[in-house]
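So the structure is just underneath, and the comments pick up after that.
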Amino acid sequence: MKERYAESLSKLIQKETISKVGQEDLTKFYDFVEILKEVFPTLFNICEVTDYDGSILMRWPGKITPEPASQGLLLMNHYDVVEATGEWKYPPFSGEIAEGKVWGRGTLDDKGPLWAMLQAAEELAENGFVPERDIWFESACTEEIAGTGAVTIAEDLYQKGYRFEMVLDEGGFILSEPISGAKGDFAMIGVGEKGCADLKFIARSSGGHASAPPRNTPLVRLGKFMSYVDRNEIFDVELSPAIREMLRRFAPYMEGITAKAMAQSDKYAPIIKRVIGKSSPKAAALTKTTVAFTRAQGSGGNNVIPEEAYVVGNLRFSHHQGRESSFDAIRKVASRYKLEMEVLDPGNESPITDWNGRAFKMVEKAVSEVFPGVETTPYIMTGGSDSRFMSIISDNCIRFAPFRTSDEQVSSIHGLNENIDVDSLEPAVMFYKYLIANF
């Protein structure tokens, strides 16, 4: 079985589906959809499929067709991928099956999860299963470029009055010891994601020749600004309710004073915040808004002081501080260096899903059925997913991909040698089968 699964997933990996801003030729995306039809013929035969410029929405009719506002489950995973540069162990679009793994761009992000959810539905359909209510599947070809695929689909469903009890998208994986000291395997289930905004910071001057530079030229002011932000804590650091719940669930698997502190995060919040802040950038990002300066531009000549220079910052705003307060905090710092701030993209504010609600409990149940001994915990994604657009059609957007992964594999996402274990494929299919059959 696992060999057949690996070969099936390999077919999806072999089709290069890199998305690029401004791309007009959608041929490769339509070709990929044709591959999906070949791999999952039964499912595509029974589903209503709607095309949105390469992104697709599928409806599997159930025994009962509910009113639009009373829909049940929407499963989603995108199929576009990022570029695959550098020296790979196996070619990034070979779908090579070797060393007990399937190798290639998209194996984890996000064709692996896409394959698993459709394979689960295919097998159920082949065996004559008909869901009680409609089951929906969505897969966009624009996720990696923050494009319009999922946005258009969400808005179309919203305009037609559709509302879903649960949306399940890519997100956390099953990790061993996700934070230092938490001994065990944990399904990291995303109940929200930080907002993502792009900001431009502009420094102006009268320009001039580089032979007689004045003090505090535009690039110098921008450098001082970035250095200040890098060295100082300008955003509010808090343990949000979701992070407190995550720590509470880790506590039984930890030892000593650490376990006590995690179990009583309200009491020990100052200590925990300091520890998390020093442990790693990934951990620190769970507790605050962050900004990464990603692009810059000065003058067009080596001997010209720019009249205008700028840097772009990618801001990931926390739920506890929010978008506007985060904007205000960094705008205040920028003004000290006589910089203007322009909002290029305000981003989306992602609501938090209730981890005590039915949707989250269903995911927990599926994990316990398929992965005995694996504990579950909510967490907040610091990255972005297409599910943030689905909050207009569901109060329960959950982010989880049912694969056991190593730290090395997670690091390969958007990096070199992305791969997925062949042994992880069958349990992932079983997870989606459980959800579809029991939701």
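As shown in the structure tokens, the chain order sets the letters A, B, ...; within each chain, residues go from 1, and ligands are also counted from 1 in the order they appear.
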So which bits of region 137-331 of chain A end up helix (DSSP H, G or I) when you DSSP the backbone, as a PyMOL selection string? chain A and resi 143-145+149-159+218-231+241-253+256-263+269-279+281-287+322-331
Set the distance at 12 Å and use only C-alpha atoms: which residues neighbour Glu34 (chain A) once local chain neighbours fewer than 6 positions away are removed? I'd like the list as a list in words. Lys11, Leu12, Lys15, Thr27, Lys28, Phe40, Pro41, Phe44, Gly54 and Ile56 of chain A
Just to be explicit: take each residue in the selection above, keep N, CA, C and O atoms, and write the result as a compact mmCIF listing (two decimals), in the first residue's frame.
```
# COMPACT_ATOMS: atom_id res chain seq x y z
N LYS A 11 3.64 11.41 -8.67
CA LYS A 11 3.10 11.97 -9.92
C LYS A 11 2.76 13.45 -9.76
O LYS A 11 2.95 14.24 -10.68
N LEU A 12 2.27 13.82 -8.58
CA LEU A 12 1.92 15.22 -8.33
C LEU A 12 3.17 16.07 -8.19
O LEU A 12 3.21 17.22 -8.65
N LYS A 15 5.07 17.33 -11.50
CA LYS A 15 4.56 18.46 -12.28
C LYS A 15 4.95 19.75 -11.58
O LYS A 15 4.48 20.05 -10.48
N THR A 27 -1.20 27.44 -18.12
CA THR A 27 -1.24 26.10 -18.70
C THR A 27 -0.79 25.02 -17.73
O THR A 27 -1.44 23.97 -17.60
N LYS A 28 0.32 25.25 -17.03
CA LYS A 28 0.84 24.21 -16.14
C LYS A 28 -0.11 23.91 -14.99
O LYS A 28 -0.16 22.78 -14.48
N PHE A 40 -7.25 10.63 -9.28
CA PHE A 40 -8.46 10.48 -8.47
C PHE A 40 -9.71 10.48 -9.37
O PHE A 40 -10.57 11.36 -9.25
N PRO A 41 -9.83 9.50 -10.26
CA PRO A 41 -10.93 9.52 -11.25
C PRO A 41 -12.32 9.40 -10.64
O PRO A 41 -13.26 10.07 -11.10
N PHE A 44 -13.38 12.81 -8.96
CA PHE A 44 -13.68 13.87 -9.92
C PHE A 44 -14.93 13.55 -10.73
O PHE A 44 -15.60 14.46 -11.24
N GLY A 54 -7.55 28.37 -12.55
CA GLY A 54 -6.57 27.38 -12.12
C GLY A 54 -6.79 26.87 -10.71
O GLY A 54 -6.43 25.73 -10.39
N ILE A 56 -9.26 25.49 -7.82
CA ILE A 56 -10.47 24.70 -7.99
C ILE A 56 -11.24 24.55 -6.68
O ILE A 56 -10.67 24.54 -5.59
```
Out of A:Ser350, A:Thr42, A:Ser424, A:Ser55, which residue has the shortest atom-to-atom distance to Gly128 (chain A) when counting only C-alpha atoms?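 Of the candidates, the smallest distance to Gly128 (chain A) is held by A:Thr42.
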Run DSSP on the backbone of this structure and report the residues of region 297-433 of chain A it assigns to strand (DSSP E or B), as a VMD selection string. chain A and resid 297 304 to 305 308 to 317 340 to 345 375 to 381 394 397 to 404 419 to 421
Name the residues in contact with region 226-240 of chain A at a cut-off of 8 Å, using only C-alpha atoms, excluding same-chain residues fewer than 2 positions from it; report them as a ChimeraX atom specification. /A:222-224,242-244,269,273,287-290,293,319-321,326,329-330,333
Just the selected residues (N, CA, C and O atoms), exported as an mmCIF file, in the first residue's frame, please.
```
data_model
loop_
_atom_site.group_PDB
_atom_site.id
_atom_site.type_symbol
_atom_site.label_atom_id
_atom_site.label_comp_id
_atom_site.auth_asym_id
_atom_site.auth_seq_id
_atom_site.Cartn_x
_atom_site.Cartn_y
_atom_site.Cartn_z
ATOM 1 N N LEU A 222 17.640 55.243 7.633
ATOM 2 C CA LEU A 222 16.982 53.941 7.534
ATOM 3 C C LEU A 222 17.765 52.885 8.303
ATOM 4 O O LEU A 222 17.184 52.030 8.980
ATOM 5 N N GLY A 223 19.095 52.942 8.212
ATOM 6 C CA GLY A 223 19.916 51.993 8.942
ATOM 7 C C GLY A 223 19.768 52.133 10.439
ATOM 8 O O GLY A 223 19.674 51.136 11.174
ATOM 9 N N LYS A 224 19.749 53.371 10.932
ATOM 10 C CA LYS A 224 19.563 53.607 12.366
ATOM 11 C C LYS A 224 18.199 53.095 12.821
ATOM 12 O O LYS A 224 18.060 52.505 13.906
ATOM 13 N N ALA A 242 -4.391 31.172 23.676
ATOM 14 C CA ALA A 242 -4.043 29.954 22.932
ATOM 15 C C ALA A 242 -2.662 29.442 23.307
ATOM 16 O O ALA A 242 -2.448 28.229 23.453
ATOM 17 N N ILE A 243 -1.718 30.345 23.499
ATOM 18 C CA ILE A 243 -0.375 29.933 23.886
ATOM 19 C C ILE A 243 -0.365 29.420 25.317
ATOM 20 O O ILE A 243 0.329 28.449 25.652
ATOM 21 N N ARG A 244 -1.155 30.038 26.186
ATOM 22 C CA ARG A 244 -1.259 29.537 27.558
ATOM 23 C C ARG A 244 -1.827 28.116 27.576
ATOM 24 O O ARG A 244 -1.378 27.256 28.341
ATOM 25 N N ALA A 269 3.960 34.059 34.239
ATOM 26 C CA ALA A 269 4.037 34.669 32.907
ATOM 27 C C ALA A 269 5.314 35.470 32.669
ATOM 28 O O ALA A 269 5.946 35.336 31.616
ATOM 29 N N LYS A 273 7.800 34.404 29.625
ATOM 30 C CA LYS A 273 8.032 35.304 28.496
ATOM 31 C C LYS A 273 9.515 35.546 28.274
ATOM 32 O O LYS A 273 9.983 35.595 27.127
ATOM 33 N N THR A 287 4.840 35.192 20.845
ATOM 34 C CA THR A 287 4.435 36.064 21.935
ATOM 35 C C THR A 287 4.325 37.533 21.558
ATOM 36 O O THR A 287 3.997 38.362 22.403
ATOM 37 N N LYS A 288 4.584 37.877 20.302
ATOM 38 C CA LYS A 288 4.610 39.299 19.966
ATOM 39 C C LYS A 288 4.501 39.517 18.457
ATOM 40 O O LYS A 288 4.681 38.594 17.661
ATOM 41 N N THR A 289 4.219 40.758 18.093
ATOM 42 C CA THR A 289 4.325 41.189 16.705
ATOM 43 C C THR A 289 5.804 41.199 16.318
ATOM 44 O O THR A 289 6.668 41.525 17.133
ATOM 45 N N THR A 290 6.094 40.817 15.084
ATOM 46 C CA THR A 290 7.473 40.852 14.597
ATOM 47 C C THR A 290 7.530 41.599 13.266
ATOM 48 O O THR A 290 6.523 41.732 12.567
ATOM 49 N N PHE A 293 12.822 43.106 7.842
ATOM 50 C CA PHE A 293 13.094 44.012 6.728
ATOM 51 C C PHE A 293 13.610 43.191 5.547
ATOM 52 O O PHE A 293 14.633 42.510 5.650
ATOM 53 N N HIS A 319 -2.243 38.637 17.854
ATOM 54 C CA HIS A 319 -3.656 38.828 18.164
ATOM 55 C C HIS A 319 -3.842 39.785 19.345
ATOM 56 O O HIS A 319 -4.788 40.573 19.360
ATOM 57 N N HIS A 320 -2.952 39.711 20.340
ATOM 58 C CA HIS A 320 -3.170 40.538 21.521
ATOM 59 C C HIS A 320 -2.890 42.014 21.250
ATOM 60 O O HIS A 320 -3.508 42.886 21.856
ATOM 61 N N GLN A 321 -1.992 42.330 20.318
ATOM 62 C CA GLN A 321 -1.733 43.736 20.008
ATOM 63 C C GLN A 321 -2.565 44.216 18.828
ATOM 64 O O GLN A 321 -3.010 45.362 18.799
ATOM 65 N N SER A 326 -0.086 47.659 16.352
ATOM 66 C CA SER A 326 1.244 47.291 15.863
ATOM 67 C C SER A 326 1.751 48.334 14.875
ATOM 68 O O SER A 326 2.929 48.728 14.911
ATOM 69 N N ALA A 329 2.892 51.381 16.794
ATOM 70 C CA ALA A 329 4.140 51.190 17.522
ATOM 71 C C ALA A 329 5.352 51.397 16.633
ATOM 72 O O ALA A 329 6.315 52.071 16.999
ATOM 73 N N ILE A 330 5.307 50.845 15.429
ATOM 74 C CA ILE A 330 6.484 50.974 14.562
ATOM 75 C C ILE A 330 6.495 52.322 13.836
ATOM 76 O O ILE A 330 7.564 52.868 13.535
ATOM 77 N N VAL A 333 8.332 54.778 16.051
ATOM 78 C CA VAL A 333 9.786 54.670 15.966
ATOM 79 C C VAL A 333 10.280 55.287 14.663
ATOM 80 O O VAL A 333 11.283 56.016 14.640
#
```
Which residue out of A:Gln297, A:Ser387, A:Ser139, A:Ser411 has the minimum interatomic distance to Lys282 (chain A) when only C-alpha atoms are used? A:Ser411
Restricting the calculation to only C-alpha atoms: of A:Val374, A:Leu425, A:Met341, A:Ala212, which residue gets closest to Leu175 (chain A)?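 Of A:Val374, A:Leu425, A:Met341, A:Ala212, the one nearest Leu175 (chain A), counting only C-alpha atoms, is A:Val374.
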All residues 7 Å or closer to Met58 (chain A), only C-alpha atoms, same chain fewer than 2 positions away omitted, as a PyMOL selection string: chain A and resi 47-50+56+60+136-138
Which of A:Ala428, A:Lys260, A:Ile436, A:Tyr337 sits closest to Leu114 (chain A) [using only C-alpha atoms]: A:Ala428
Given only C-alpha atoms as the counted atoms, nearest of A:Tyr379, A:Ile18, A:Ala366, A:Gly301 to Leu247 (chain A):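 Of all the options, A:Tyr379 lies closest to Leu247 (chain A).
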Would you pick out the contacts of Thr294 (chain A) at 12 Å or less, using only C-alpha atoms, so that residues sharing its chain but fewer than 2 positions from it are not included, and give the list as a list in words? Asp198, Leu199, Lys200, Phe201, Met226, Val291, Ala292, Ala296, Gln297, Tyr310, Val311, Val312, Gly313, Asn314 and Leu315 of chain A
Emit the selected residues as a tab-separated table (two decimals), in the first residue's frame, including C-alpha atoms.
```
chain	number	residue	atom	x	y	z
A	198	ASP	CA	3.78	44.84	4.27
A	199	LEU	CA	5.02	48.30	5.24
A	200	LYS	CA	7.28	50.73	3.40
A	201	PHE	CA	9.51	53.15	5.28
A	226	MET	CA	16.33	49.20	11.46
A	291	VAL	CA	8.92	42.71	11.62
A	292	ALA	CA	11.51	41.53	9.12
A	296	ALA	CA	15.59	48.14	0.17
A	297	GLN	CA	16.38	50.74	-2.47
A	310	TYR	CA	13.20	53.05	1.36
A	311	VAL	CA	13.05	49.68	3.08
A	312	VAL	CA	10.13	47.28	3.15
A	313	GLY	CA	9.20	45.48	6.33
A	314	ASN	CA	7.07	42.35	6.53
A	315	LEU	CA	5.05	42.73	9.74
```
